[in-house]
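J.: My structure is in query_3.txt, and what it holds is compact mmCIF, C-alpha atoms:
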```txt
# COMPACT_ATOMS: atom_id res chain seq x y z
CA MET P 1 21.40 12.58 1.21
CA SER P 2 20.81 12.30 4.91
CA THR P 3 22.72 10.38 7.53
CA ARG P 4 22.84 6.71 6.60
CA MET P 5 20.77 4.11 8.32
CA ARG P 6 22.77 2.33 11.02
CA ILE P 7 22.63 -1.30 11.96
CA VAL P 8 23.41 -2.66 15.41
CA GLU P 9 24.19 -6.36 15.29
CA ARG P 10 24.03 -8.91 18.07
CA ARG P 11 23.89 -12.67 18.16
CA ILE P 12 21.90 -15.22 20.10
CA GLY P 13 23.41 -18.57 19.19
CA GLU P 14 23.02 -19.08 15.47
CA ILE P 15 20.49 -16.26 15.20
CA THR P 16 21.65 -12.77 14.25
CA ILE P 17 19.53 -9.81 15.28
CA LEU P 18 19.98 -6.71 13.16
CA GLN P 19 18.55 -3.57 14.71
CA LEU P 20 17.85 -1.08 11.91
CA ILE P 21 18.07 2.58 12.92
CA GLY P 22 17.04 5.32 10.51
CA ARG P 23 15.58 5.51 7.02
CA LEU P 24 15.14 2.33 5.01
CA GLU P 25 14.73 4.06 1.68
CA LEU P 26 16.08 4.21 -1.85
CA GLU P 27 19.86 4.70 -1.89
CA GLU P 28 19.82 5.05 1.87
CA GLY P 29 19.23 2.17 4.20
CA ASP P 30 18.43 -0.25 1.39
CA ILE P 31 22.11 -0.52 0.46
CA VAL P 32 23.19 -0.82 4.10
CA LEU P 33 20.69 -3.63 4.64
CA ARG P 34 21.74 -5.41 1.45
CA ASP P 35 25.41 -5.36 2.43
CA ALA P 36 24.74 -6.50 5.99
CA VAL P 37 22.58 -9.45 4.98
CA ASN P 38 24.90 -10.49 2.15
CA ARG P 39 27.84 -10.50 4.55
CA LEU P 40 25.99 -12.63 7.08
CA VAL P 41 24.72 -15.11 4.51
CA GLU P 42 28.19 -15.48 2.98
CA ALA P 43 29.49 -16.23 6.49
CA GLY P 44 26.84 -18.91 6.91
CA ARG P 45 24.77 -16.91 9.38
CA ASN P 46 21.49 -17.06 7.52
CA LYS P 47 18.97 -17.00 10.38
CA ILE P 48 18.30 -13.31 10.70
CA LEU P 49 15.85 -11.29 12.75
CA LEU P 50 15.35 -7.68 11.66
CA ASP P 51 14.34 -5.39 14.51
CA MET P 52 12.50 -2.52 12.81
CA LYS P 53 11.40 -0.56 15.86
CA GLU P 54 13.68 2.34 14.98
CA VAL P 55 13.05 2.48 11.25
CA THR P 56 11.93 6.08 10.86
CA ARG P 57 10.89 5.90 7.22
CA LEU P 58 10.28 3.07 4.79
CA ASP P 59 9.61 3.30 1.08
CA SER P 60 8.97 0.85 -1.74
CA ALA P 61 12.70 0.46 -2.38
CA GLY P 62 13.22 -0.42 1.27
CA ILE P 63 10.40 -2.94 1.12
CA GLY P 64 11.87 -4.31 -2.09
CA MET P 65 15.21 -4.81 -0.39
CA LEU P 66 13.57 -6.57 2.56
CA VAL P 67 11.97 -9.05 0.16
CA SER P 68 15.10 -9.44 -1.95
CA LYS P 69 17.17 -10.27 1.13
CA TYR P 70 14.45 -12.62 2.36
CA LEU P 71 14.98 -14.53 -0.89
CA THR P 72 18.78 -14.38 -0.48
CA ALA P 73 18.51 -15.95 2.96
CA ARG P 74 15.97 -18.52 1.84
CA ARG P 75 18.08 -19.64 -1.12
CA SER P 76 20.91 -20.34 1.31
CA GLY P 77 18.63 -22.44 3.48
CA GLY P 78 18.00 -19.69 6.02
CA VAL P 79 15.26 -17.22 6.76
CA ILE P 80 14.65 -13.57 7.65
CA LYS P 81 11.94 -12.63 10.13
CA ILE P 82 10.66 -9.25 11.25
CA LEU P 83 10.55 -7.93 14.81
CA HIS P 84 8.80 -4.84 16.20
CA PRO P 85 7.43 -3.29 13.02
CA THR P 86 6.05 0.20 13.57
CA ASP P 87 2.40 0.78 12.76
CA ARG P 88 3.42 2.41 9.50
CA THR P 89 5.72 -0.48 8.56
CA ASP P 90 3.01 -2.96 9.45
CA HIS P 91 0.51 -1.08 7.29
CA LEU P 92 2.85 -0.95 4.30
CA MET P 93 3.66 -4.63 4.57
CA ASP P 94 -0.02 -5.38 4.80
CA ILE P 95 -1.00 -3.45 1.66
CA THR P 96 1.86 -5.04 -0.28
CA LYS P 97 0.69 -8.46 0.98
CA LEU P 98 4.08 -9.17 2.52
CA THR P 99 2.51 -10.10 5.83
CA THR P 100 1.84 -13.40 4.03
CA VAL P 101 5.55 -13.79 3.32
CA PHE P 102 7.35 -12.71 6.47
CA GLU P 103 6.87 -14.01 9.95
CA ILE P 104 6.36 -10.90 12.07
CA PHE P 105 6.80 -10.69 15.86
CA ASP P 106 6.28 -8.13 18.58
CA ASP P 107 8.21 -10.14 21.14
CA GLU P 108 11.91 -10.90 20.72
CA GLU P 109 11.88 -14.01 22.87
CA LYS P 110 9.05 -15.52 20.83
CA ALA P 111 10.82 -14.62 17.63
CA VAL P 112 14.03 -16.30 18.74
CA ARG P 113 12.12 -19.38 19.87
CA SER P 114 10.45 -19.59 16.46
CA PHE P 115 13.83 -20.07 14.75
CA ARG P 116 14.66 -22.90 17.14
CA ALA P 117 11.24 -24.48 16.65
CA SER P 118 11.73 -24.37 12.88
CA ALA P 119 15.18 -25.95 13.19
CA ALA P 120 13.71 -28.69 15.35
CA GLY P 121 10.99 -29.29 12.80
CA VAL P 122 8.25 -28.27 15.22
CA MET O 1 25.17 6.54 -2.50
CA PRO O 2 25.39 8.81 0.54
CA GLN O 3 28.83 10.32 0.94
CA THR O 4 30.66 11.78 3.89
CA PRO O 5 29.65 15.43 3.77
CA PRO O 6 32.32 18.13 3.81
CA ASN O 7 32.61 20.34 6.85
CA ARG O 8 30.61 23.49 6.34
CA HIS O 9 31.16 27.12 7.31
CA ILE O 10 27.84 28.02 8.89
CA LEU O 11 26.24 31.27 10.02
CA LEU O 12 23.60 30.58 12.67
CA VAL O 13 21.10 33.42 13.06
CA ASP O 14 18.70 33.28 15.99
CA ASP O 15 17.76 35.67 18.77
CA ASP O 16 17.43 32.78 21.23
CA ARG O 17 20.81 32.64 22.90
CA GLY O 18 20.21 29.22 24.45
CA LEU O 19 19.26 27.70 21.11
CA ARG O 20 22.30 29.26 19.45
CA HIS O 21 24.47 27.61 22.09
CA VAL O 22 22.87 24.18 21.71
CA LEU O 23 22.88 24.15 17.90
CA THR O 24 26.44 25.46 17.76
CA ALA O 25 27.61 22.64 20.03
CA LEU O 26 25.81 20.01 17.95
CA LEU O 27 27.18 21.28 14.67
CA GLN O 28 30.71 21.72 15.96
CA GLU O 29 30.62 18.18 17.27
CA ALA O 30 29.66 17.09 13.74
CA GLY O 31 32.77 18.84 12.45
CA HIS O 32 31.33 22.09 11.15
CA HIS O 33 32.64 25.62 11.73
CA VAL O 34 29.90 27.81 13.19
CA GLU O 35 29.59 31.58 13.70
CA THR O 36 26.49 33.18 15.17
CA ALA O 37 24.40 36.34 14.90
CA GLY O 38 21.50 37.45 17.10
CA ASP O 39 19.57 39.54 14.58
CA GLY O 40 19.17 40.31 10.89
CA PRO O 41 21.44 43.38 10.55
CA GLU O 42 24.27 41.60 12.35
CA ALA O 43 23.82 38.58 10.07
CA LEU O 44 23.85 40.69 6.91
CA ALA O 45 26.95 42.52 8.10
CA MET O 46 28.73 39.22 8.62
CA LEU O 47 27.58 37.91 5.24
CA GLY O 48 28.72 41.11 3.58
CA GLU O 49 32.19 41.02 5.07
CA GLY O 50 33.34 38.59 2.46
CA SER O 51 33.23 35.61 4.78
CA ALA O 52 32.54 32.60 2.63
CA PHE O 53 29.64 31.04 4.47
CA ASP O 54 28.35 27.87 2.83
CA LEU O 55 25.18 27.81 4.79
CA VAL O 56 22.93 30.07 6.86
CA LEU O 57 20.61 28.66 9.52
CA LEU O 58 18.03 31.38 9.81
CA ASP O 59 15.27 32.05 12.29
CA ILE O 60 12.30 33.96 10.86
CA GLY O 61 11.03 35.72 13.98
CA LEU O 62 14.05 37.96 14.48
CA PRO O 63 13.96 41.36 16.20
CA SER O 64 14.33 44.49 14.06
CA MET O 65 14.40 42.68 10.73
CA ASN O 66 12.30 39.75 9.54
CA GLY O 67 14.20 36.59 8.69
CA LEU O 68 12.49 36.41 5.29
CA ASP O 69 14.06 39.75 4.40
CA VAL O 70 17.44 38.43 5.52
CA LEU O 71 16.84 35.41 3.29
CA ALA O 72 16.08 37.59 0.28
CA ARG O 73 19.20 39.72 0.84
CA ALA O 74 21.39 36.68 1.41
CA ARG O 75 20.23 35.11 -1.83
CA GLU O 76 21.17 38.30 -3.71
CA LEU O 77 24.83 38.01 -2.72
CA PRO O 78 27.31 37.26 -5.55
CA SER O 79 27.94 33.78 -4.10
CA PRO O 80 24.75 33.16 -2.19
CA PRO O 81 24.91 30.64 0.66
CA LEU O 82 22.24 27.99 1.04
CA VAL O 83 19.69 29.10 3.62
CA ILE O 84 17.86 26.75 5.95
CA VAL O 85 14.86 28.44 7.53
CA MET O 86 14.05 27.49 11.13
CA THR O 87 10.85 28.81 12.59
CA ALA O 88 7.97 28.18 14.95
CA ASP O 89 5.78 30.11 12.51
CA ASP O 90 4.24 27.31 10.47
CA THR O 91 1.71 29.37 8.54
CA SER O 92 1.54 28.56 4.85
CA ALA O 93 2.26 32.20 3.98
CA THR O 94 5.64 32.04 5.71
CA LEU O 95 6.55 28.72 4.15
CA LEU O 96 5.55 29.82 0.67
CA GLU O 97 7.50 33.03 0.98
CA ALA O 98 10.53 31.01 2.05
CA VAL O 99 10.09 28.75 -0.99
CA ARG O 100 9.67 31.75 -3.28
CA ARG O 101 12.87 33.29 -1.89
CA GLN O 102 14.80 30.08 -2.56
CA ALA O 103 15.22 28.73 0.95
CA TYR O 104 17.06 25.42 0.75
CA ARG O 105 15.01 23.74 3.48
CA TYR O 106 12.38 24.65 6.02
CA LEU O 107 12.50 23.31 9.57
CA ARG O 108 9.65 23.81 11.96
CA LYS O 109 10.66 24.45 15.57
CA PRO O 110 10.95 22.52 17.75
CA PHE O 111 12.86 19.83 15.88
CA PRO O 112 14.84 16.84 17.17
CA PRO O 113 18.50 17.76 17.77
CA ASN O 114 19.88 15.35 15.16
CA THR O 115 17.62 16.82 12.48
CA ILE O 116 19.74 19.92 12.12
CA VAL O 117 22.90 17.85 11.67
CA GLU O 118 21.20 15.65 9.06
CA VAL O 119 19.92 18.61 7.06
CA VAL O 120 23.27 20.39 7.21
CA ASN O 121 24.98 17.22 6.00
CA GLU O 122 22.52 16.97 3.10
CA ALA O 123 23.35 20.55 2.21
CA GLY O 124 26.94 19.44 1.70
CA THR O 125 26.16 17.39 -1.38
CA PRO O 126 26.68 18.85 -4.87
CA ALA O 127 22.97 18.44 -5.66
CA ALA O 128 22.13 20.91 -2.90
CA ALA O 129 23.28 23.75 -5.11
CA LEU O 130 20.54 22.98 -7.65
CA SER O 131 17.60 25.34 -7.43
CA ILE O 132 13.87 24.89 -7.58
CA GLU O 133 11.91 27.08 -9.99
CA VAL O 134 8.82 28.47 -8.30
CA VAL O 135 5.99 28.78 -10.84
CA SER O 136 3.26 29.48 -8.29
CA ALA O 137 3.46 29.88 -4.53
CA LYS O 138 -0.17 30.35 -3.51
CA PRO O 139 -1.50 28.33 -0.58
CA GLU O 140 -4.14 26.77 -2.82
CA TRP O 141 -1.77 26.23 -5.75
CA LEU O 142 1.90 25.49 -5.32
CA GLU O 143 3.76 24.66 -8.50
CA LEU O 144 7.45 23.87 -8.71
CA VAL O 145 9.86 22.72 -11.41
CA ALA O 146 12.92 20.87 -10.19
CA PRO O 147 15.93 18.94 -11.47
CA CYS O 148 15.66 15.16 -11.39
CA THR O 149 17.78 14.18 -8.39
CA LEU O 150 16.81 12.13 -5.35
CA GLU O 151 18.01 14.93 -3.07
CA MET O 152 15.43 17.16 -4.71
CA ALA O 153 12.72 14.67 -3.74
CA ASP O 154 13.64 15.19 -0.09
CA ARG O 155 13.53 18.96 -0.42
CA ILE O 156 10.25 19.11 -2.29
CA GLN O 157 8.58 16.62 0.01
CA SER O 158 9.72 18.65 2.99
CA PHE O 159 8.15 21.84 1.61
CA VAL O 160 4.94 20.20 0.48
CA MET O 161 4.31 18.27 3.66
CA HIS O 162 4.84 21.35 5.81
CA LEU O 163 1.89 22.82 3.92
CA GLU O 164 -0.21 19.86 5.04
CA ALA O 165 0.64 20.29 8.72
CA ASN O 166 -3.00 20.65 9.73
CA LEU O 167 -4.10 17.28 8.38
CA PRO O 168 -4.78 14.40 10.75
CA GLU O 169 -1.53 12.50 11.25
CA ALA O 170 -2.71 9.31 9.53
CA VAL O 171 -3.89 11.19 6.45
CA ARG O 172 -0.72 13.26 6.35
CA GLU O 173 1.47 10.17 6.55
CA ALA O 174 -0.47 8.42 3.80
CA VAL O 175 -0.28 11.44 1.52
CA ALA O 176 3.41 11.95 2.25
CA GLN O 177 4.21 8.31 1.47
CA ALA O 178 2.21 8.30 -1.76
CA PHE O 179 3.60 11.64 -2.90
CA ARG O 180 7.11 10.47 -2.16
CA GLU O 181 6.68 7.25 -4.12
CA LEU O 182 5.32 9.01 -7.20
CA LEU O 183 7.88 11.79 -7.08
CA THR O 184 10.73 9.29 -6.73
CA ASN O 185 9.31 7.29 -9.64
CA ALA O 186 9.14 10.41 -11.78
CA ILE O 187 12.71 11.41 -10.92
CA GLU O 188 14.23 7.93 -11.20
CA TRP O 189 12.38 6.45 -14.19
CA GLY O 190 11.06 9.50 -16.03
CA GLY O 191 14.01 11.79 -15.34
CA LYS O 192 16.70 9.06 -15.27
CA LEU O 193 18.24 10.83 -12.25
CA ASP O 194 19.55 13.46 -14.68
CA PRO O 195 19.77 16.92 -13.06
CA ASN O 196 19.46 18.48 -16.51
CA ARG O 197 15.96 17.05 -16.86
CA LYS O 198 13.08 18.57 -14.91
CA VAL O 199 10.06 17.30 -13.06
CA ARG O 200 7.03 19.56 -12.60
CA ILE O 201 5.00 19.31 -9.41
CA SER O 202 1.66 21.00 -8.75
CA CYS O 203 -0.11 20.84 -5.39
CA VAL O 204 -3.69 22.06 -5.40
CA ARG O 205 -5.80 22.15 -2.26
CA THR O 206 -9.46 22.87 -1.72
CA LYS O 207 -11.62 22.44 1.34
CA ARG O 208 -12.39 18.88 0.36
CA LEU O 209 -9.41 17.52 -1.45
CA LEU O 210 -5.69 17.56 -2.00
CA LEU O 211 -4.54 17.09 -5.58
CA TYR O 212 -0.95 16.57 -6.62
CA ARG O 213 0.14 16.47 -10.24
CA ILE O 214 3.58 15.19 -11.12
CA ALA O 215 4.77 15.48 -14.71
CA ASP O 216 8.07 13.83 -15.57
CA PRO O 217 10.24 14.38 -18.67
CA GLY O 218 10.16 10.72 -19.71
CA GLU O 219 8.22 9.03 -22.47
CA GLY O 220 5.81 7.34 -20.10
CA PHE O 221 5.17 3.63 -19.86
CA ASP O 222 2.80 0.88 -20.90
CA ILE O 223 1.12 -0.55 -17.82
CA ASP O 224 0.59 -3.91 -19.52
CA ARG O 225 4.36 -4.26 -19.76
CA LEU O 226 4.98 -3.63 -16.07
CA ARG O 227 5.76 -7.25 -15.31
CA HIS O 228 8.43 -5.97 -12.95
CA ALA O 229 5.85 -4.21 -10.75
CA ALA O 230 3.95 -5.72 -7.84
CA ILE O 231 0.61 -4.52 -9.24
CA MET O 232 0.89 -7.25 -11.91
CA ASN O 233 1.45 -10.06 -9.41
CA PRO O 234 -1.09 -12.87 -9.06
CA ASP O 235 -3.03 -12.52 -5.81
CA ASP O 236 -1.31 -15.49 -4.21
CA ASP O 237 2.28 -14.52 -5.07
CA PRO O 238 3.30 -11.07 -3.81
CA MET O 239 6.94 -11.69 -4.77
CA HIS O 240 6.38 -12.84 -8.36
CA HIS O 241 7.64 -9.61 -9.94
CA LEU O 242 11.00 -9.88 -8.18
CA SER O 243 12.18 -12.64 -10.47
CA VAL O 244 11.29 -10.44 -13.46
CA ARG O 245 13.29 -7.59 -11.93
CA GLU O 246 16.25 -9.89 -11.44
CA GLU O 247 16.05 -11.00 -15.09
CA GLN O 248 15.92 -7.38 -16.21
CA GLY O 249 18.76 -6.31 -13.92
CA LEU O 250 16.57 -3.92 -11.99
CA ARG O 251 17.17 -3.04 -8.35
CA PRO O 252 14.87 -4.68 -5.77
CA GLY O 253 11.57 -2.81 -5.56
CA GLY O 254 8.48 -2.52 -7.67
CA PHE O 255 6.05 -2.00 -4.81
CA GLY O 256 5.56 1.74 -5.36
CA LEU O 257 2.37 1.69 -7.41
CA ALA O 258 0.77 -1.00 -5.29
CA MET O 259 1.49 1.02 -2.17
CA THR O 260 0.35 4.32 -3.64
CA ARG O 261 -2.96 2.95 -4.88
CA SER O 262 -3.76 1.83 -1.35
CA LEU O 263 -2.78 5.09 0.29
CA VAL O 264 -4.81 7.63 -1.70
CA ASP O 265 -8.34 7.91 -3.02
CA ASP O 266 -7.63 8.34 -6.71
CA LEU O 267 -4.58 7.83 -8.88
CA ILE O 268 -4.99 8.91 -12.49
CA TYR O 269 -2.39 8.76 -15.27
CA ASN O 270 -2.53 10.59 -18.58
CA GLU O 271 -2.48 8.54 -21.77
CA ALA O 272 1.31 8.43 -22.09
CA ARG O 273 1.66 7.82 -18.34
CA ASN O 274 4.29 10.46 -17.82
CA GLU O 275 1.92 12.61 -15.80
CA VAL O 276 -0.02 11.47 -12.78
CA LEU O 277 -2.69 12.93 -10.53
CA LEU O 278 -2.84 11.84 -6.92
CA ILE O 279 -6.03 12.76 -5.11
CA LYS O 280 -6.86 12.54 -1.43
CA TYR O 281 -10.26 13.59 -0.10
CA VAL O 282 -9.87 15.30 3.23
CA ASP O 283 -13.47 16.04 4.11
CA ASN O 284 -16.55 13.83 4.17
CA GLY O 285 -15.30 10.43 3.24
CA GLY O 286 -11.52 10.74 3.14
CA SER O 287 -9.73 7.59 4.17
CA SER O 288 -6.26 6.92 5.43
```
Show me the file's structure as structure tokens.

T.:
Amino acid sequence: MSTRMRIVERRIGEITILQLIGRLELEEGDIVLRDAVNRLVEAGRNKILLDMKEVTRLDSAGIGMLVSKYLTARRSGGVIKILHPTDRTDHLMDITKLTTVFEIFDDEEKAVRSFRASAAGV
Amino acid sequence: MPQTPPNRHILLVDDDRGLRHVLTALLQEAGHHVETAGDGPEALAMLGEGSAFDLVLLDIGLPSMNGLDVLARARELPSPPLVIVMTADDTSATLLEAVRRQAYRYLRKPFPPNTIVEVVNEAGTPAAALSIEVVSAKPEWLELVAPCTLEMADRIQSFVMHLEANLPEAVREAVAQAFRELLTNAIEWGGKLDPNRKVRISCVRTKRLLLYRIADPGEGFDIDRLRHAAIMNPDDDPMHHLSVREEQGLRPGGFGLAMTRSLVDDLIYNEARNEVLLIKYVDNGGSS
């Protein structure tokens, strides 16, 4: 298979931003994403923002992993939100009705603020 | 799982000296050993010298000898290398001839620099040696039979979508996504990812529609028992099927049919549901 999806990780306080780069597809990026989120949640870092601007391809397995890891984070008391979906990603999330599940942002600052607002009960 | 690909011994054949230089540098940086040739006769001489090339990167528009003829000769060698065709000629006739002559992949110039490294790395996997049987290679009817591996899905999708290069981008993307989902389903669930089992793909095109038929070697399925698929979810719970998948020990997913139905105009299964027709209207009423 092709070069694996890469993830660039950075932190803003208790929020972890994962920048996904490459193909989020079956037996490609889906495994990389699973491992990254599991590691963070196990370490107690369960407020995660996925920056999807550089996701070049997304399939149903990739979408499935997004939702599965959303549930992983939620069960630990955290949350996963989406940042910068491409038009194609946005369309696929729309037709699978996942826009009703995920909070989706086009602005990183607003996304980060939303975690803090949630924590403050706003 | 993706694996670290082995370093490859590559013959790069292109009459563009600048491109040879750039691609050689990229591939060497990725750890591959690269030799170059500027035309077909030189390439065939190098291939015939007993050098064990794993892979040939081959331009089609070569001086003195067409790249397609080099491809045919290369594939007749006792231990034929895989051949990746690179060309600015994106006519369907050229692509289909490359498919017929067992090109491994087809890259349309210009391509992003990292594409060549990705495709060469893919060619390093054991599944790359599997071949595609060409049943029909007419522009209006392409029919292929291929082993059930995920790598094969990449190769077939690459060939098929190059044929659809003239479609509006939104339509092309929708068709590519839907085709990919159904082909992956056929290979994973129908073919059990077993390279000894085969999936049959037909792509028929008319002025007004694109029709893809995918027949897998499985027994089919009962749609009423697809509790693990998103299409069975209640309207207000798009994640309902995930708990079923967890109970059944299935990987996360199940959105393929729901996505595909939204991306094409018609999706028709046979009675056993091991063959599917995907239809997209491309004239007078097609949607994206």

J.: Which residue out of P:Lys69, P:Arg6, P:Arg113, P:His84 has the minimum interatomic distance to chain O when all atoms listed in the file are used?

T.: P:Lys69

J.: Do you have the CA of Leu263 in chain O-CA of Lys109 in chain O distance handy?

T.: 28.1 Å

J.: Please build the interface table for range 32-136 of chain O against range 187-204 of chain O with a cut-off of 9 Å, listing for each qualifying residue the nearest atom pair and the distance in Å to one decimal; count all atoms listed in the file, order rows by chain and increasing number, and write it as a tab-separated table.

T.:
```
residue	atom	partner	partner_atom	distance
O:Ala127	CA	O:Pro195	CA	8.2
O:Leu130	CA	O:Pro195	CA	8.2
O:Ser136	CA	O:Ser202	CA	8.6
```

J.: Quick one: which chain P residues come within 9 Å of chain O, and what is the nearest atom pair for each with the distance in Å to one decimal, counting all atoms listed in the file, rows ordered by chain and ascending number, as CSV?

T.:
```
residue,atom,partner,partner_atom,distance
P:Met1,CA,O:Glu122,CA,4.9
P:Ser2,CA,O:Glu122,CA,5.3
P:Thr3,CA,O:Glu118,CA,5.7
P:Arg4,CA,O:Pro2,CA,6.9
P:Leu26,CA,O:Leu150,CA,8.7
P:Glu27,CA,O:Met1,CA,5.7
P:Glu28,CA,O:Pro2,CA,6.9
P:Ile31,CA,O:Met1,CA,8.2
P:Leu58,CA,O:Gln177,CA,8.7
P:Asp59,CA,O:Glu181,CA,7.2
P:Ser60,CA,O:Gly256,CA,5.1
P:Ala61,CA,O:Gly253,CA,4.7
P:Gly62,CA,O:Gly253,CA,7.4
P:Ile63,CA,O:Gly253,CA,6.8
P:Gly64,CA,O:Gly253,CA,3.8
P:Met65,CA,O:Pro252,CA,5.4
P:Leu66,CA,O:Pro252,CA,8.6
P:Val67,CA,O:Met239,CA,7.5
P:Ser68,CA,O:Pro252,CA,6.1
P:Arg88,CA,O:Glu173,CA,8.5
P:Leu92,CA,O:Met259,CA,6.9
P:Ile95,CA,O:Met259,CA,6.4
P:Thr96,CA,O:Met259,CA,6.4
P:Lys97,CA,O:Pro238,CA,6.0
P:Leu98,CA,O:Pro238,CA,6.7
P:Thr100,CA,O:Pro238,CA,8.3
P:Val101,CA,O:Pro238,CA,8.0
```

J.: Could you save the residues just selected, with C-alpha atoms, as a PDB file, keeping the file's coordinate frame?

T.:
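part18.pdb was written with the following content:
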```pdb
ATOM      1  CA  MET P   1      21.400  12.580   1.210  1.00  0.00           C
ATOM      2  CA  SER P   2      20.810  12.300   4.910  1.00  0.00           C
ATOM      3  CA  THR P   3      22.720  10.380   7.530  1.00  0.00           C
ATOM      4  CA  ARG P   4      22.840   6.710   6.600  1.00  0.00           C
ATOM      5  CA  LEU P  26      16.080   4.210  -1.850  1.00  0.00           C
ATOM      6  CA  GLU P  27      19.860   4.700  -1.890  1.00  0.00           C
ATOM      7  CA  GLU P  28      19.820   5.050   1.870  1.00  0.00           C
ATOM      8  CA  ILE P  31      22.110  -0.520   0.460  1.00  0.00           C
ATOM      9  CA  LEU P  58      10.280   3.070   4.790  1.00  0.00           C
ATOM     10  CA  ASP P  59       9.610   3.300   1.080  1.00  0.00           C
ATOM     11  CA  SER P  60       8.970   0.850  -1.740  1.00  0.00           C
ATOM     12  CA  ALA P  61      12.700   0.460  -2.380  1.00  0.00           C
ATOM     13  CA  GLY P  62      13.220  -0.420   1.270  1.00  0.00           C
ATOM     14  CA  ILE P  63      10.400  -2.940   1.120  1.00  0.00           C
ATOM     15  CA  GLY P  64      11.870  -4.310  -2.090  1.00  0.00           C
ATOM     16  CA  MET P  65      15.210  -4.810  -0.390  1.00  0.00           C
ATOM     17  CA  LEU P  66      13.570  -6.570   2.560  1.00  0.00           C
ATOM     18  CA  VAL P  67      11.970  -9.050   0.160  1.00  0.00           C
ATOM     19  CA  SER P  68      15.100  -9.440  -1.950  1.00  0.00           C
ATOM     20  CA  ARG P  88       3.420   2.410   9.500  1.00  0.00           C
ATOM     21  CA  LEU P  92       2.850  -0.950   4.300  1.00  0.00           C
ATOM     22  CA  ILE P  95      -1.000  -3.450   1.660  1.00  0.00           C
ATOM     23  CA  THR P  96       1.860  -5.040  -0.280  1.00  0.00           C
ATOM     24  CA  LYS P  97       0.690  -8.460   0.980  1.00  0.00           C
ATOM     25  CA  LEU P  98       4.080  -9.170   2.520  1.00  0.00           C
ATOM     26  CA  THR P 100       1.840 -13.400   4.030  1.00  0.00           C
ATOM     27  CA  VAL P 101       5.550 -13.790   3.320  1.00  0.00           C
TER      28      VAL P 101
END
```

J.: Just the residues within 8 Å of Phe105 in chain P, please, counting only C-alpha atoms, with nothing from its chain fewer than 2 positions along; format it as a PyMOL selection string.

T.: chain P and resi 81-85+103+107-108+110-111

J.: Rounded to one decimal in Å, what is the spacing between CA of Met46 in chain O and CA of Val34 in chain O?

T.: 12.3 Å

J.: Find, counting only C-alpha atoms, the residue in P:Thr72, P:Thr56, P:Thr86, P:Gln19 that gets nearest to Val41 in chain P.

T.: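 Comparing P:Thr72, P:Thr56, P:Thr86, P:Gln19 against Val41 in chain P, the winner is P:Thr72.
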
J.: I'd like the interatomic distance between CA of Leu277 in chain O and CA of Leu250 in chain O, to a tenth of an Å.

T.: 25.6 Å

J.: With distances taken over only C-alpha atoms, which of O:Asp265, O:Glu143, O:Asp14, O:Asp59 is nearest to Leu96 in chain O?

T.: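 Looking only at the distances to Leu96 in chain O, the closest residue turns out to be O:Glu143.
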
J.: Within 10 Å of (22.7, -6.5, 9.5) (file coordinates; all atoms listed in the file), which protein or nucleic acid residues are there? I'd like them as a list in words.

T.: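 The answer, in the requested form, is Arg6, Ile7, Val8, Glu9, Arg10, Thr16, Ile17, Leu18, Gln19, Leu20, Val32, Leu33, Arg34, Asp35, Ala36, Val37, Asn38, Arg39, Leu40, Ile48, Leu49, Leu50 and Asp51 of chain P.
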